[in-house]
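Okay, coords.txt now, which holds compact mmCIF, C-alpha atoms:
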```
# COMPACT_ATOMS: atom_id res chain seq x y z
CA MET A 1 1.97 130.45 99.93
CA SER A 2 -1.60 129.75 98.95
CA ALA A 3 -1.74 126.23 100.31
CA ILE A 4 0.19 126.37 103.58
CA LYS A 5 2.23 123.25 104.31
CA GLY A 6 4.60 122.52 107.16
CA PHE A 7 7.05 125.40 107.56
CA ILE A 8 9.21 127.45 109.93
CA LEU A 9 7.50 130.43 111.57
CA GLY A 10 9.48 133.33 112.98
CA MET A 11 8.18 136.28 114.97
CA GLY A 12 10.26 139.32 115.83
CA ASN A 13 11.33 142.87 115.10
CA PRO A 14 11.57 143.68 111.37
CA LEU A 15 14.15 146.45 110.93
CA LEU A 16 15.77 148.09 107.94
CA ASP A 17 19.53 147.88 108.46
CA ILE A 18 21.40 151.08 107.62
CA SER A 19 24.95 149.78 107.32
CA ALA A 20 28.23 151.64 106.87
CA ASP A 21 31.96 151.24 107.38
CA VAL A 22 33.05 153.70 110.06
CA GLY A 23 36.13 154.77 111.96
CA GLN A 24 36.72 154.80 115.69
CA ASP A 25 35.66 158.46 115.70
CA VAL A 26 32.05 157.50 114.90
CA LEU A 27 32.00 154.83 117.62
CA ASP A 28 33.36 157.40 120.09
CA LYS A 29 30.93 160.10 118.94
CA TYR A 30 27.94 157.90 119.79
CA ASP A 31 29.60 156.16 122.76
CA VAL A 32 29.31 152.71 121.20
CA LYS A 33 31.57 149.71 121.72
CA LEU A 34 32.47 147.27 118.96
CA ASP A 35 30.63 143.94 118.96
CA SER A 36 27.69 145.30 120.92
CA ALA A 37 23.94 145.53 120.36
CA ILE A 38 21.87 148.23 122.07
CA LEU A 39 18.53 149.98 121.81
CA ALA A 40 18.74 153.56 120.58
CA GLU A 41 18.41 156.35 123.12
CA GLU A 42 17.92 160.03 122.35
CA ALA A 43 21.65 160.63 121.95
CA HIS A 44 21.80 157.99 119.20
CA MET A 45 18.97 159.31 117.03
CA PRO A 46 21.15 161.47 114.72
CA ILE A 47 23.25 158.46 113.71
CA TYR A 48 20.84 157.18 111.06
CA GLU A 49 20.96 160.38 108.99
CA ASP A 50 24.69 160.68 109.74
CA LEU A 51 25.39 157.29 108.17
CA ILE A 52 23.22 158.05 105.15
CA ASN A 53 24.64 161.53 104.53
CA ASN A 54 28.28 161.06 105.47
CA HIS A 55 29.26 157.38 105.35
CA ASN A 56 27.84 155.92 102.11
CA ALA A 57 25.39 153.71 103.99
CA GLY A 58 23.69 150.75 102.38
CA PHE A 59 20.16 149.49 103.07
CA ILE A 60 19.57 145.81 103.89
CA ALA A 61 16.43 144.10 105.18
CA GLY A 62 17.16 143.14 108.76
CA GLY A 63 15.99 142.29 112.22
CA ALA A 64 17.54 139.24 113.89
CA THR A 65 14.64 136.80 113.55
CA GLN A 66 13.72 137.88 110.03
CA ASN A 67 17.36 137.43 108.99
CA SER A 68 17.45 133.89 110.39
CA ILE A 69 14.22 133.02 108.61
CA ARG A 70 15.53 134.47 105.31
CA ILE A 71 18.71 132.41 105.63
CA ALA A 72 16.73 129.27 106.49
CA GLN A 73 14.62 129.67 103.35
CA TRP A 74 17.74 130.34 101.23
CA MET A 75 19.31 127.15 102.57
CA LEU A 76 16.12 125.14 102.08
CA LYS A 77 15.84 126.27 98.48
CA SER A 78 19.19 124.56 97.80
CA SER A 79 17.42 121.28 98.56
CA ASN A 80 14.45 122.28 96.37
CA VAL A 81 12.21 123.27 99.29
CA GLU A 82 10.34 126.51 98.63
CA ASP A 83 7.57 128.37 100.50
CA ALA A 84 8.73 126.80 103.76
CA THR A 85 9.10 129.91 105.94
CA ALA A 86 6.96 132.73 107.28
CA PHE A 87 7.52 135.77 109.49
CA MET A 88 5.40 138.09 111.61
CA GLY A 89 6.35 141.48 113.04
CA CYS A 90 5.20 145.10 112.98
CA VAL A 91 6.18 147.74 110.40
CA GLY A 92 5.01 151.23 109.54
CA GLU A 93 2.93 152.20 106.53
CA ASP A 94 5.91 153.67 104.67
CA ALA A 95 8.61 153.07 102.08
CA TYR A 96 10.89 151.28 104.52
CA GLY A 97 8.12 148.85 105.40
CA LYS A 98 7.44 148.15 101.72
CA THR A 99 11.17 147.60 101.15
CA LEU A 100 11.31 145.08 103.99
CA LYS A 101 8.31 143.16 102.65
CA GLU A 102 9.66 143.13 99.10
CA CYS A 103 13.08 141.93 100.23
CA ALA A 104 11.74 139.16 102.47
CA GLU A 105 9.29 137.90 99.88
CA LYS A 106 11.96 138.05 97.15
CA ASP A 107 13.92 135.69 99.40
CA GLY A 108 10.93 133.34 99.54
CA VAL A 109 9.64 134.25 103.01
CA LYS A 110 5.93 134.82 103.46
CA THR A 111 5.38 137.96 105.55
CA HIS A 112 2.32 138.71 107.61
CA TYR A 113 3.19 142.10 109.06
CA MET A 114 1.07 144.06 111.47
CA ILE A 115 0.87 147.60 110.00
CA ASP A 116 1.15 150.57 112.36
CA LYS A 117 -0.16 153.60 110.47
CA THR A 118 1.13 156.11 113.03
CA THR A 119 4.74 154.97 113.59
CA PRO A 120 7.60 154.62 111.07
CA THR A 121 9.22 151.28 110.28
CA GLY A 122 12.07 150.44 112.63
CA SER A 123 15.70 150.75 111.60
CA CYS A 124 19.07 149.59 112.85
CA ALA A 125 22.39 151.38 112.49
CA VAL A 126 25.07 148.83 111.66
CA LEU A 127 28.53 150.24 112.35
CA VAL A 128 31.23 148.12 110.71
CA LYS A 129 34.91 148.50 111.64
CA ASP A 130 37.65 146.01 110.78
CA GLY A 131 35.12 143.26 110.10
CA GLU A 132 33.39 143.69 113.47
CA ARG A 133 30.11 145.44 114.02
CA SER A 134 27.96 147.30 116.51
CA LEU A 135 24.18 147.59 116.29
CA ILE A 136 21.95 150.46 117.42
CA ALA A 137 18.30 149.55 116.98
CA ASN A 138 15.50 152.10 116.81
CA LEU A 139 12.53 149.74 117.07
CA ALA A 140 9.86 152.34 116.22
CA ALA A 141 6.91 150.37 114.74
CA ALA A 142 8.54 147.04 115.58
CA ASN A 143 8.02 147.92 119.24
CA ASN A 144 4.25 148.11 118.74
CA PHE A 145 3.46 144.49 117.83
CA LYS A 146 0.36 143.37 119.73
CA GLU A 147 -1.00 139.94 120.51
CA SER A 148 -4.25 141.05 118.83
CA HIS A 149 -2.46 140.54 115.49
CA LEU A 150 -2.37 136.84 116.29
CA GLU A 151 -6.17 136.71 116.37
CA SER A 152 -6.57 137.16 112.61
CA ALA A 153 -7.49 134.13 110.51
CA GLU A 154 -4.19 134.30 108.62
CA SER A 155 -2.16 134.48 111.82
CA ARG A 156 -4.01 131.54 113.34
CA GLU A 157 -3.43 129.50 110.18
CA LEU A 158 0.28 130.32 110.21
CA ILE A 159 0.63 129.35 113.87
CA GLU A 160 -1.40 126.16 113.53
CA LYS A 161 0.29 124.88 110.37
CA ALA A 162 3.89 125.73 111.26
CA THR A 163 6.01 122.78 112.34
CA LEU A 164 8.90 124.74 113.89
CA TYR A 165 9.00 128.12 115.67
CA TYR A 166 11.82 130.62 116.21
CA ILE A 167 11.88 133.89 118.17
CA ALA A 168 14.94 135.96 119.07
CA GLY A 169 15.33 137.51 122.51
CA PHE A 170 15.03 141.04 121.12
CA PHE A 171 11.28 140.40 120.85
CA LEU A 172 11.11 140.02 124.64
CA THR A 173 11.22 143.82 124.94
CA VAL A 174 8.14 144.06 122.72
CA SER A 175 5.44 141.46 123.41
CA VAL A 176 6.06 138.54 125.74
CA ASP A 177 2.32 137.82 125.62
CA SER A 178 2.59 137.18 121.87
CA LEU A 179 5.57 134.89 122.40
CA VAL A 180 3.62 132.90 125.00
CA ILE A 181 0.66 132.44 122.64
CA VAL A 182 2.92 130.90 119.99
CA ALA A 183 4.95 128.92 122.53
CA GLU A 184 1.82 127.51 124.18
CA HIS A 185 0.64 126.26 120.79
CA ALA A 186 4.02 124.61 120.21
CA LEU A 187 3.85 123.03 123.65
CA ALA A 188 0.28 121.76 123.26
CA ASN A 189 1.14 120.18 119.91
CA ASP A 190 4.65 118.94 120.81
CA LYS A 191 6.32 121.06 118.11
CA PRO A 192 9.83 122.45 118.66
CA PHE A 193 10.12 126.02 119.94
CA CYS A 194 13.46 127.78 119.48
CA LEU A 195 14.74 130.86 121.32
CA ASN A 196 17.81 133.08 121.08
CA LEU A 197 19.07 135.18 124.01
CA SER A 198 20.29 137.75 121.43
CA ALA A 199 22.25 140.25 123.55
CA PRO A 200 23.64 140.71 127.07
CA PHE A 201 21.32 143.67 127.76
CA ILE A 202 18.31 141.39 127.23
CA ILE A 203 19.63 139.07 129.93
CA ASP A 204 20.62 141.88 132.29
CA PHE A 205 17.50 144.04 132.05
CA PHE A 206 14.69 141.72 130.96
CA GLY A 207 15.33 138.79 133.26
CA ASP A 208 11.70 137.99 134.01
CA GLN A 209 10.85 137.94 130.30
CA VAL A 210 13.83 135.67 129.58
CA ALA A 211 12.72 133.28 132.33
CA THR A 212 9.20 133.14 130.88
CA ALA A 213 10.46 132.39 127.38
CA LEU A 214 13.21 129.98 128.41
CA ALA A 215 10.72 127.65 130.06
CA TYR A 216 9.30 126.94 126.57
CA ALA A 217 12.63 126.66 124.76
CA ASP A 218 13.41 123.27 123.25
CA TYR A 219 16.41 124.83 121.47
CA LEU A 220 18.30 127.76 122.96
CA PHE A 221 20.90 129.72 121.00
CA CYS A 222 23.34 132.40 122.13
CA ASN A 223 26.94 133.48 121.67
CA GLU A 224 29.71 133.35 124.26
CA SER A 225 29.10 136.92 125.52
CA GLU A 226 25.41 136.22 126.10
CA ALA A 227 26.21 132.87 127.72
CA ALA A 228 28.67 134.57 130.08
CA ALA A 229 26.12 137.27 130.93
CA TYR A 230 23.47 134.65 131.71
CA ALA A 231 25.94 132.65 133.81
CA LYS A 232 26.96 135.73 135.79
CA LYS A 233 23.36 136.77 136.44
CA HIS A 234 22.39 133.29 137.62
CA ASP A 235 25.67 132.35 139.33
CA LEU A 236 26.35 129.38 137.05
CA GLY A 237 30.14 129.74 136.99
CA GLU A 238 32.57 130.66 134.22
CA ASP A 239 33.06 127.30 132.45
CA LEU A 240 30.75 127.66 129.43
CA LYS A 241 30.47 123.90 128.97
CA GLU A 242 29.13 123.59 132.51
CA VAL A 243 26.89 126.60 131.96
CA ALA A 244 25.42 124.99 128.85
CA LEU A 245 24.76 121.75 130.73
CA LYS A 246 23.06 123.61 133.58
CA ILE A 247 20.79 125.57 131.23
CA ALA A 248 19.97 122.40 129.30
CA ALA A 249 18.96 120.71 132.56
CA SER A 250 16.91 123.65 133.88
CA GLU A 251 13.14 123.49 134.14
CA LYS A 252 11.16 123.37 130.92
CA LYS A 253 7.50 122.93 130.08
CA ASN A 254 7.69 120.29 127.35
CA GLU A 255 9.11 117.22 129.08
CA ASN A 256 8.85 115.21 125.86
CA ARG A 257 11.77 117.12 124.33
CA PRO A 258 15.17 117.41 126.04
CA ARG A 259 16.46 120.96 125.74
CA VAL A 260 19.34 121.54 123.32
CA VAL A 261 21.59 124.48 124.24
CA VAL A 262 23.87 125.89 121.54
CA PHE A 263 26.65 128.41 122.29
CA THR A 264 28.44 129.85 119.27
CA GLN A 265 31.86 131.40 119.87
CA GLY A 266 32.87 133.01 116.58
CA SER A 267 35.87 131.14 115.18
CA THR A 268 36.13 128.99 118.33
CA SER A 269 34.29 125.69 118.61
CA THR A 270 30.51 125.69 119.02
CA ILE A 271 29.30 124.16 122.29
CA VAL A 272 26.17 122.00 122.34
CA ALA A 273 24.69 120.54 125.52
CA THR A 274 21.73 118.19 125.86
CA GLU A 275 20.73 115.27 128.11
CA GLY A 276 23.79 115.66 130.33
CA VAL A 277 26.30 115.54 127.47
CA VAL A 278 28.30 118.45 126.09
CA THR A 279 29.89 118.30 122.63
CA GLU A 280 32.18 120.76 120.84
CA TYR A 281 32.05 121.26 117.08
CA ALA A 282 35.09 122.85 115.46
CA VAL A 283 34.64 125.86 113.19
CA GLU A 284 36.55 125.76 109.90
CA PRO A 285 39.10 128.61 109.96
CA LEU A 286 38.62 131.61 107.65
CA SER A 287 41.43 134.07 107.05
CA LYS A 288 40.76 137.55 108.36
CA ASP A 289 41.22 139.15 104.95
CA MET A 290 38.17 137.22 103.70
CA ILE A 291 35.91 138.59 106.44
CA VAL A 292 33.78 141.49 105.22
CA ASP A 293 31.22 141.94 107.99
CA THR A 294 30.41 139.81 111.03
CA ASN A 295 26.97 141.41 111.28
CA GLY A 296 24.46 138.61 110.92
CA ALA A 297 26.84 135.71 111.60
CA GLY A 298 24.81 134.51 114.58
CA ASP A 299 21.52 134.98 112.75
CA ALA A 300 22.92 133.08 109.78
CA PHE A 301 24.08 130.23 111.99
CA VAL A 302 20.56 129.86 113.37
CA GLY A 303 19.09 129.98 109.86
CA GLY A 304 21.36 127.20 108.69
CA PHE A 305 20.68 125.15 111.81
CA LEU A 306 16.90 125.55 111.43
CA SER A 307 17.01 124.54 107.76
CA GLU A 308 18.39 121.13 108.72
CA LEU A 309 16.20 120.84 111.81
CA TYR A 310 13.24 121.32 109.45
CA HIS A 311 14.41 118.18 107.63
CA GLY A 312 14.66 116.26 110.91
CA LYS A 313 18.47 116.05 110.79
CA ASN A 314 20.61 115.32 113.85
CA ILE A 315 22.41 117.97 115.87
CA GLU A 316 25.77 117.51 114.16
CA GLU A 317 24.17 118.01 110.74
CA CYS A 318 22.30 121.09 112.00
CA VAL A 319 25.50 122.61 113.43
CA THR A 320 27.43 121.87 110.23
CA ALA A 321 24.82 123.75 108.21
CA GLY A 322 24.90 126.60 110.72
CA HIS A 323 28.67 126.88 110.45
CA TRP A 324 28.45 126.91 106.66
CA SER A 325 25.81 129.66 106.49
CA ALA A 326 27.61 131.82 109.07
CA ARG A 327 30.89 131.39 107.16
CA TYR A 328 29.15 132.48 103.96
CA ILE A 329 27.47 135.53 105.49
CA ILE A 330 30.60 136.99 107.10
CA GLN A 331 32.09 137.20 103.60
CA GLN A 332 29.17 139.44 102.51
CA PRO A 333 28.10 142.97 103.45
CA GLY A 334 25.31 142.45 105.99
CA THR A 335 22.94 139.52 105.63
CA THR A 336 23.11 139.55 101.85
CA ILE A 337 21.93 136.45 99.97
CA ASP A 338 21.73 137.60 96.37
CA GLN A 339 23.45 134.45 95.04
CA PRO A 340 21.94 130.93 95.00
CA CYS A 341 22.84 128.82 98.02
CA SER A 342 25.44 126.16 97.14
CA TYR A 343 25.22 124.20 100.40
CA LYS A 344 25.06 120.45 100.03
CA ALA A 345 24.32 118.43 103.13
CA ALA A 346 26.60 115.42 103.65
```
Would you encode the structure as structure tokens?
Amino acid sequence: MSAIKGFILGMGNPLLDISADVGQDVLDKYDVKLDSAILAEEAHMPIYEDLINNHNAGFIAGGATQNSIRIAQWMLKSSNVEDATAFMGCVGEDAYGKTLKECAEKDGVKTHYMIDKTTPTGSCAVLVKDGERSLIANLAAANNFKESHLESAESRELIEKATLYYIAGFFLTVSVDSLVIVAEHALANDKPFCLNLSAPFIIDFFGDQVATALAYADYLFCNESEAAAYAKKHDLGEDLKEVALKIAASEKKNENRPRVVVFTQGSTSTIVATEGVVTEYAVEPLSKDMIVDTNGAGDAFVGGFLSELYHGKNIEECVTAGHWSARYIIQQPGTTIDQPCSYKAA
């Protein structure tokens, strides 16, 4: 990306996914529930070698935000738009870090990683059982991103020339100050800033950070579990349509842009709330025997959504693209996009 044009900029935790099909015994061994996402504690550390040595694990470039940005670029390429995405995060000076960079750039994403020479690249155990997954993230170097990285000339150019920004909630455990720097630029220049709540534990244990980030969010994404966790924490009730409306109407910094709140619910209709109106968008059914791995479905939805938002499309068109990309990804192992995107917008 020698001459930087308008593009989507993501910032988050780059992780190498170590993915394997497992039985209930592995979930029990590491005290993990299906369809959960947690940060690794000491008791979880052996799982990475366990998956590699005993469960025929595969390696896939991951990290929630990076996945969404990869999917967005893949979708954009189908409409002949290349070099339209970039990503920042922190990796180690090691083979895993090189693999992540090679994979992202092969997918057309410009990377501008901060390199931590003393800490290994982060990884994420992806435990797949019956098409569902659980994630155990060992952030390692990803946890060491510093706002000082945003002071470089290349970082400043990326921030200034981006036209759309996306950060997942997982980054709130790492560097809220960095998020605020990017979000303040988006605010000052009236450019859309997008946020994902990412996981219930982010909502439950990083409430202040969520509140800081949410104030900047022009687009907020989460799934039904995260929406329910946010509603419970803030006493917003149990009706997710009402919850979406209340979050959409909550205080935000950029008054020029009404907040759009998007709740995905797997195979159930996607809920979108904005300007006092809530709309449901049906998800096209997919038979269970076609589902390979739900890991990355939410990230893929966001990637598809952002690819149409980049083109200035309306919400329905953005959601349609998100549904398509999520449907594609759950038929692949992990967030795998080794085939050309065949999406054609209506």
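Closest approach to Tyr328 (chain A) from the set A:Ala186, A:Ala20, A:Ala43, A:Ile71 is made by A:Ile71, with distances taken over only C-alpha atoms.
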* **Pick from A:Glu160, A:Asp107, A:Asp218, A:Asp31, whichever lies nearest to Cys194 (chain A) using all atoms listed in the file** =>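 Nearest to Cys194 (chain A): A:Asp218.
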* Asked: Mind pulling up the distance from CA of Ile69 (chain A) to CA of Glu102 (chain A)?
  ->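 About the pair CA of Glu102 (chain A) and CA of Ile69 (chain A): they are 14.6 Å apart.
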* Given all atoms listed in the file as the counted atoms, nearest of A:Asn67, A:Asn256, A:Ser198, A:Ser79 to Gly169 (chain A) -> A:Ser198
* **Å distance separating CA of Arg133 (chain A) from CA of Ala231 (chain A), one decimal place** =>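 Straight-line distance from CA of Arg133 (chain A) to CA of Ala231 (chain A) works out to 23.9 Å.
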* To do: Pick out the closest residue to Gln332 (chain A) from this set: A:Ala137, A:Ile60, A:Val22, A:Ala125. Count only C-alpha atoms.
  =>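 Result for the nearest residue to Gln332 (chain A): A:Ile60.
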* To do: Write out as a list in words which residues come within 12 Å of Asn189 (chain A) when counting all atoms listed in the file, dropping same-chain ones fewer than 3 positions away.
  =>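 Those residues are Ile159, Glu160, Lys161, Ala162, Thr163, Leu164, Tyr165, Val182, Ala183, Glu184, His185, Ala186, Pro192, Phe193, Asn254, Asn256 and Arg257 of chain A.
You can rank A:Gln339, A:Ala86, A:Pro258, A:Asn314 by their closest distance to Glu157 (chain A) using only C-alpha atoms, and at the top of that list sits A:Ala86.
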* **Near-Trp324 (chain A) list (12 Å; all atoms listed in the file; drop same-chain fewer than 6 positions) as an NGL selection string** => :A and (71-72 or 75 or 282-286 or 297-298 or 300-305 or 307-308 or 317-318 or 330-331 or 341-345)
* Asked: What does the distance from CA of Cys90 (chain A) to CA of Val180 (chain A) come to in Å, to one decimal?
  ->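 Separating CA of Cys90 (chain A) from CA of Val180 (chain A) is a distance of 17.2 Å.
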* Asked: Quick one: of A:Pro340, A:Gly131, A:Gly312, A:Pro333, who's nearest to Asp289 (chain A), counting all atoms listed in the file?
  ->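 Of A:Pro340, A:Gly131, A:Gly312, A:Pro333, the one nearest Asp289 (chain A), counting all atoms listed in the file, is A:Gly131.
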* At a cut-off of 8 Å from (12.1, 139.7, 118.9) in the coordinates of the file, what residues are picked up using all atoms listed in the file, written as a list in words? ->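 With a cut-off of 8 Å, the residues come to Met11, Gly12, Asn13, Ala64, Thr65, Ile167, Ala168, Gly169, Phe170, Phe171, Leu172, Thr173 and Val174 of chain A.
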Grab region 51-102 of chain A from that structure and dump C-alpha atoms to a file, as a PDB file, in the first residue's frame.
```
ATOM      1  CA  LEU A  51      -3.541 -29.700  21.030  1.00  0.00           C
ATOM      2  CA  ILE A  52      -0.409 -29.733  18.869  1.00  0.00           C
ATOM      3  CA  ASN A  53       0.903 -33.058  20.174  1.00  0.00           C
ATOM      4  CA  ASN A  54      -2.301 -35.014  20.710  1.00  0.00           C
ATOM      5  CA  HIS A  55      -5.147 -33.534  18.659  1.00  0.00           C
ATOM      6  CA  ASN A  56      -3.809 -32.850  15.149  1.00  0.00           C
ATOM      7  CA  ALA A  57      -4.113 -29.089  15.584  1.00  0.00           C
ATOM      8  CA  GLY A  58      -4.081 -26.693  12.666  1.00  0.00           C
ATOM      9  CA  PHE A  59      -2.609 -23.180  12.610  1.00  0.00           C
ATOM     10  CA  ILE A  60      -4.706 -20.246  11.368  1.00  0.00           C
ATOM     11  CA  ALA A  61      -3.996 -16.519  11.584  1.00  0.00           C
ATOM     12  CA  GLY A  62      -6.437 -15.141  14.109  1.00  0.00           C
ATOM     13  CA  GLY A  63      -7.420 -12.514  16.603  1.00  0.00           C
ATOM     14  CA  ALA A  64     -10.969 -11.166  16.410  1.00  0.00           C
ATOM     15  CA  THR A  65     -10.260  -7.774  14.849  1.00  0.00           C
ATOM     16  CA  GLN A  66      -7.644  -9.059  12.435  1.00  0.00           C
ATOM     17  CA  ASN A  67     -10.096 -11.755  11.296  1.00  0.00           C
ATOM     18  CA  SER A  68     -12.802  -9.176  10.613  1.00  0.00           C
ATOM     19  CA  ILE A  69     -10.376  -7.020   8.662  1.00  0.00           C
ATOM     20  CA  ARG A  70      -9.186 -10.038   6.621  1.00  0.00           C
ATOM     21  CA  ILE A  71     -12.795 -10.929   5.786  1.00  0.00           C
ATOM     22  CA  ALA A  72     -13.597  -7.318   4.868  1.00  0.00           C
ATOM     23  CA  GLN A  73     -10.682  -7.228   2.423  1.00  0.00           C
ATOM     24  CA  TRP A  74     -11.686 -10.620   0.961  1.00  0.00           C
ATOM     25  CA  MET A  75     -15.215  -9.324   0.410  1.00  0.00           C
ATOM     26  CA  LEU A  76     -13.986  -6.029  -1.048  1.00  0.00           C
ATOM     27  CA  LYS A  77     -11.751  -7.840  -3.518  1.00  0.00           C
ATOM     28  CA  SER A  78     -14.883  -9.438  -5.009  1.00  0.00           C
ATOM     29  CA  SER A  79     -15.895  -5.928  -6.086  1.00  0.00           C
ATOM     30  CA  ASN A  80     -12.371  -5.229  -7.402  1.00  0.00           C
ATOM     31  CA  VAL A  81     -11.296  -3.169  -4.391  1.00  0.00           C
ATOM     32  CA  GLU A  82      -7.781  -4.040  -3.227  1.00  0.00           C
ATOM     33  CA  ASP A  83      -5.419  -2.506  -0.649  1.00  0.00           C
ATOM     34  CA  ALA A  84      -8.401  -1.174   1.295  1.00  0.00           C
ATOM     35  CA  THR A  85      -7.618  -2.511   4.781  1.00  0.00           C
ATOM     36  CA  ALA A  86      -4.919  -2.194   7.420  1.00  0.00           C
ATOM     37  CA  PHE A  87      -4.332  -3.601  10.896  1.00  0.00           C
ATOM     38  CA  MET A  88      -2.234  -2.715  13.930  1.00  0.00           C
ATOM     39  CA  GLY A  89      -1.412  -4.897  16.928  1.00  0.00           C
ATOM     40  CA  CYS A  90       1.594  -6.290  18.793  1.00  0.00           C
ATOM     41  CA  VAL A  91       3.463  -9.523  17.988  1.00  0.00           C
ATOM     42  CA  GLY A  92       6.705 -11.116  19.101  1.00  0.00           C
ATOM     43  CA  GLU A  93       9.890 -11.334  17.063  1.00  0.00           C
ATOM     44  CA  ASP A  94       9.370 -15.017  16.245  1.00  0.00           C
ATOM     45  CA  ALA A  95       8.079 -17.523  13.712  1.00  0.00           C
ATOM     46  CA  TYR A  96       4.466 -17.162  14.833  1.00  0.00           C
ATOM     47  CA  GLY A  97       4.637 -13.411  14.314  1.00  0.00           C
ATOM     48  CA  LYS A  98       6.081 -13.868  10.823  1.00  0.00           C
ATOM     49  CA  THR A  99       3.332 -16.387  10.029  1.00  0.00           C
ATOM     50  CA  LEU A 100       0.652 -13.919  11.106  1.00  0.00           C
ATOM     51  CA  LYS A 101       2.121 -11.136   8.974  1.00  0.00           C
ATOM     52  CA  GLU A 102       2.489 -13.384   5.932  1.00  0.00           C
TER      53      GLU A 102
END
```
